[in-house]
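**Q** My structure is stored as my_file-v4.pdb, with PDB, C-alpha atoms.
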```pdb
ATOM      1  CA  MET A   1      84.581 104.401  31.397
ATOM      2  CA  GLY A   2      84.748 101.188  29.419
ATOM      3  CA  PHE A   3      82.582 100.264  26.484
ATOM      4  CA  ILE A   4      80.696  97.594  28.450
ATOM      5  CA  ARG A   5      79.829 100.047  31.235
ATOM      6  CA  LYS A   6      78.570 102.580  28.699
ATOM      7  CA  VAL A   7      76.471  99.931  26.960
ATOM      8  CA  ILE A   8      74.920  98.775  30.234
ATOM      9  CA  LEU A   9      74.230 102.361  31.300
ATOM     10  CA  THR A  10      72.640 103.151  27.927
ATOM     11  CA  MET A  11      70.520 100.001  28.165
ATOM     12  CA  VAL A  12      69.271 101.012  31.616
ATOM     13  CA  VAL A  13      68.534 104.532  30.356
ATOM     14  CA  PHE A  14      66.485 103.109  27.473
ATOM     15  CA  ILE A  15      64.453 100.923  29.827
ATOM     16  CA  VAL A  16      63.871 103.654  32.425
ATOM     17  CA  TYR A  17      63.009 106.247  29.762
ATOM     18  CA  ALA A  18      60.515 103.833  28.189
ATOM     19  CA  GLU A  19      58.885 103.220  31.561
ATOM     20  CA  LEU A  20      58.682 106.906  32.478
ATOM     21  CA  LEU A  21      57.561 108.211  29.079
ATOM     22  CA  PRO A  22      55.826 105.377  27.209
ATOM     23  CA  ASN A  23      54.273 107.756  24.659
ATOM     24  CA  GLN A  24      57.744 108.802  23.417
ATOM     25  CA  LEU A  25      59.776 105.584  23.475
ATOM     26  CA  TYR A  26      58.845 101.938  23.055
ATOM     27  CA  VAL A  27      61.312  99.220  24.036
ATOM     28  CA  ALA A  28      60.096  95.668  23.457
ATOM     29  CA  ASP A  29      62.312  93.965  26.045
ATOM     30  CA  TRP A  30      65.735  94.114  27.635
ATOM     31  CA  GLN A  31      67.324  92.292  24.696
ATOM     32  CA  ALA A  32      66.147  95.039  22.350
ATOM     33  CA  ALA A  33      67.505  97.645  24.770
ATOM     34  CA  LEU A  34      70.849  95.845  24.910
ATOM     35  CA  THR A  35      71.021  95.533  21.130
ATOM     36  CA  GLY A  36      70.102  99.197  20.732
ATOM     37  CA  ALA A  37      72.766 100.241  23.223
ATOM     38  CA  VAL A  38      75.446  98.222  21.416
ATOM     39  CA  ILE A  39      74.410  99.544  17.987
ATOM     40  CA  LEU A  40      74.272 103.124  19.270
ATOM     41  CA  GLY A  41      77.711 102.726  20.827
ATOM     42  CA  LEU A  42      79.133 101.389  17.586
ATOM     43  CA  LEU A  43      77.525 104.177  15.554
ATOM     44  CA  ASN A  44      78.831 106.819  17.955
ATOM     45  CA  GLY A  45      82.286 105.271  17.929
ATOM     46  CA  LEU A  46      82.683 104.604  14.221
ATOM     47  CA  LEU A  47      80.356 106.780  12.170
ATOM     48  CA  LYS A  48      79.911 109.893  14.297
ATOM     49  CA  PRO A  49      83.569 111.065  14.178
ATOM     50  CA  ILE A  50      83.522 110.897  10.385
ATOM     51  CA  LEU A  51      80.264 112.845  10.212
ATOM     52  CA  LYS A  52      81.563 115.407  12.711
ATOM     53  CA  LEU A  53      84.590 115.991  10.531
ATOM     54  CA  LEU A  54      82.484 116.334   7.382
ATOM     55  CA  THR A  55      79.996 118.729   9.014
ATOM     56  CA  PHE A  56      82.622 120.849  10.798
ATOM     57  CA  PRO A  57      81.972 123.981   8.693
ATOM     58  CA  LEU A  58      78.237 123.693   9.385
ATOM     59  CA  THR A  59      78.984 123.246  13.090
ATOM     60  CA  ILE A  60      80.963 126.486  13.089
ATOM     61  CA  LEU A  61      78.189 128.355  11.264
ATOM     62  CA  THR A  62      75.463 127.111  13.611
ATOM     63  CA  LEU A  63      77.612 127.530  16.736
ATOM     64  CA  GLY A  64      77.398 123.821  17.516
ATOM     65  CA  LEU A  65      73.650 123.356  17.127
ATOM     66  CA  SER A  66      74.162 121.020  14.181
ATOM     67  CA  LEU A  67      75.665 118.511  16.617
ATOM     68  CA  LEU A  68      72.182 118.059  18.099
ATOM     69  CA  VAL A  69      70.950 117.074  14.650
ATOM     70  CA  LEU A  70      73.893 114.698  14.334
ATOM     71  CA  ASN A  71      73.000 113.049  17.665
ATOM     72  CA  ALA A  72      69.387 112.693  16.545
ATOM     73  CA  LEU A  73      70.606 111.140  13.293
ATOM     74  CA  MET A  74      72.556 108.521  15.248
ATOM     75  CA  VAL A  75      69.429 107.637  17.233
ATOM     76  CA  VAL A  76      67.323 107.430  14.053
ATOM     77  CA  LEU A  77      69.884 105.127  12.435
ATOM     78  CA  MET A  78      69.866 102.949  15.546
ATOM     79  CA  THR A  79      66.065 102.645  15.516
ATOM     80  CA  GLN A  80      66.180 101.648  11.831
ATOM     81  CA  VAL A  81      68.507  98.751  12.659
ATOM     82  CA  VAL A  82      66.908  97.580  15.935
ATOM     83  CA  PRO A  83      63.277  96.491  15.430
ATOM     84  CA  GLY A  84      62.392  96.463  19.148
ATOM     85  CA  ILE A  85      62.983 100.184  19.792
ATOM     86  CA  THR A  86      60.761 102.945  18.460
ATOM     87  CA  PHE A  87      60.914 106.682  19.155
ATOM     88  CA  PHE A  88      57.543 108.312  18.537
ATOM     89  CA  GLN A  89      58.356 112.037  18.880
ATOM     90  CA  LEU A  90      62.007 112.469  18.040
ATOM     91  CA  TRP A  91      61.655 115.406  15.642
TER      92      TRP A  91
END
```
What does the file become when written as structure tokens?
**A**
Amino acid sequence: MGFIRKVILTMVVFIVYAELLPNQLYVADWQAALTGAVILGLLNGLLKPILKLLTFPLTILTLGLSLLVLNALMVVLMTQVVPGITFFQLW
């Protein structure tokens, strides 16, 4: 699956999730969803492999549960960069 397809799918997921659960996610408009999807894709492609390598011993000790924290960290970093997306109950 190409990068553009993943970005479009992530954008649609953001919009649908915000419509279904407005008390957990706020998306200002489709441009914010598109920007968030691109930023999240770039973070997952560039930063996440490095962090996975650095936290490998912790991943072994926690039997992979630390990867959930790593995914949440990527989403938090994305919401810090994109002003139109806000997660209310991530933690």
**Q** Work out how far apart CA of Leu20 in chain A and CA of Leu67 in chain A are and give it in Å to one decimal.
**A**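 Computed distance, CA of Leu20 in chain A to CA of Leu67 in chain A, equals 26.0 Å.
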**Q** For the file shown, what are the residues hit by the PyMOL selection byres ((chain A and resi 33) around 9), laid out as a list of chain:residue names?
**A**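 This file, filtered by the PyMOL selection byres ((chain A and resi 33) around 9), leaves A:Thr10, A:Met11, A:Val12, A:Val13, A:Phe14, A:Ile15, A:Val27, A:Ala28, A:Asp29, A:Trp30, A:Gln31, A:Ala32, A:Leu34, A:Thr35, A:Gly36, A:Ala37, A:Val38, A:Val82, A:Gly84, A:Ile85.
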**Q** To one decimal place in Å, what is the distance between CA of Leu46 in chain A and CA of Ile4 in chain A?
**A**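 These atoms are spaced 16.0 Å apart.
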**Q** Determine, counting all atoms listed in the file, which protein, DNA and RNA residues have an atom within 10 Å of an atom of Phe3 in chain A; residues of the same chain fewer than 4 positions away are not included. Present the result as a ChimeraX atom specification.
**A** /A:7-9,38,41-42,45
**Q** Expand the PyMOL selection byres ((chain A and resi 74) around 9) into the explicit residue set it covers here, and present it as an NGL selection string.
**A** :A and (40 or 43-44 or 47-48 or 69-73 or 75-79)
**Q** Please measure the separation of CA of Thr59 in chain A and CA of Gly2 in chain A, giving the value in Å to one decimal.
**A**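 CA of Thr59 in chain A sits 28.0 Å away from CA of Gly2 in chain A.
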**Q** Reconstruct range 33-45 of chain A at the level of N, CA and C atoms, and format the result as a PDB file, in the coordinates of the input.
**A**
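Just written: out17.pdb:
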```pdb
ATOM      1  N   ALA A  33      66.773  96.525  24.172  1.00  0.00           N
ATOM      2  CA  ALA A  33      67.505  97.645  24.770  1.00  0.00           C
ATOM      3  C   ALA A  33      69.011  97.402  24.720  1.00  0.00           C
ATOM      4  N   LEU A  34      69.428  96.182  24.972  1.00  0.00           N
ATOM      5  CA  LEU A  34      70.849  95.845  24.910  1.00  0.00           C
ATOM      6  C   LEU A  34      71.373  95.959  23.483  1.00  0.00           C
ATOM      7  N   THR A  35      70.612  95.438  22.531  1.00  0.00           N
ATOM      8  CA  THR A  35      71.021  95.533  21.130  1.00  0.00           C
ATOM      9  C   THR A  35      71.090  96.984  20.685  1.00  0.00           C
ATOM     10  N   GLY A  36      70.097  97.782  21.074  1.00  0.00           N
ATOM     11  CA  GLY A  36      70.102  99.197  20.732  1.00  0.00           C
ATOM     12  C   GLY A  36      71.276  99.934  21.341  1.00  0.00           C
ATOM     13  N   ALA A  37      71.635  99.596  22.568  1.00  0.00           N
ATOM     14  CA  ALA A  37      72.766 100.241  23.223  1.00  0.00           C
ATOM     15  C   ALA A  37      74.076  99.887  22.524  1.00  0.00           C
ATOM     16  N   VAL A  38      74.226  98.631  22.114  1.00  0.00           N
ATOM     17  CA  VAL A  38      75.446  98.222  21.416  1.00  0.00           C
ATOM     18  C   VAL A  38      75.533  98.908  20.053  1.00  0.00           C
ATOM     19  N   ILE A  39      74.418  98.917  19.309  1.00  0.00           N
ATOM     20  CA  ILE A  39      74.410  99.544  17.987  1.00  0.00           C
ATOM     21  C   ILE A  39      74.668 101.041  18.109  1.00  0.00           C
ATOM     22  N   LEU A  40      74.048 101.696  19.078  1.00  0.00           N
ATOM     23  CA  LEU A  40      74.272 103.124  19.270  1.00  0.00           C
ATOM     24  C   LEU A  40      75.719 103.410  19.652  1.00  0.00           C
ATOM     25  N   GLY A  41      76.299 102.563  20.480  1.00  0.00           N
ATOM     26  CA  GLY A  41      77.711 102.726  20.827  1.00  0.00           C
ATOM     27  C   GLY A  41      78.626 102.562  19.631  1.00  0.00           C
ATOM     28  N   LEU A  42      78.326 101.587  18.783  1.00  0.00           N
ATOM     29  CA  LEU A  42      79.133 101.389  17.586  1.00  0.00           C
ATOM     30  C   LEU A  42      78.969 102.549  16.602  1.00  0.00           C
ATOM     31  N   LEU A  43      77.741 103.031  16.439  1.00  0.00           N
ATOM     32  CA  LEU A  43      77.525 104.177  15.554  1.00  0.00           C
ATOM     33  C   LEU A  43      78.250 105.418  16.067  1.00  0.00           C
ATOM     34  N   ASN A  44      78.154 105.653  17.382  1.00  0.00           N
ATOM     35  CA  ASN A  44      78.831 106.819  17.955  1.00  0.00           C
ATOM     36  C   ASN A  44      80.347 106.683  17.895  1.00  0.00           C
ATOM     37  N   GLY A  45      80.846 105.468  17.959  1.00  0.00           N
ATOM     38  CA  GLY A  45      82.286 105.271  17.929  1.00  0.00           C
ATOM     39  C   GLY A  45      82.883 105.256  16.538  1.00  0.00           C
TER      40      GLY A  45
END
```
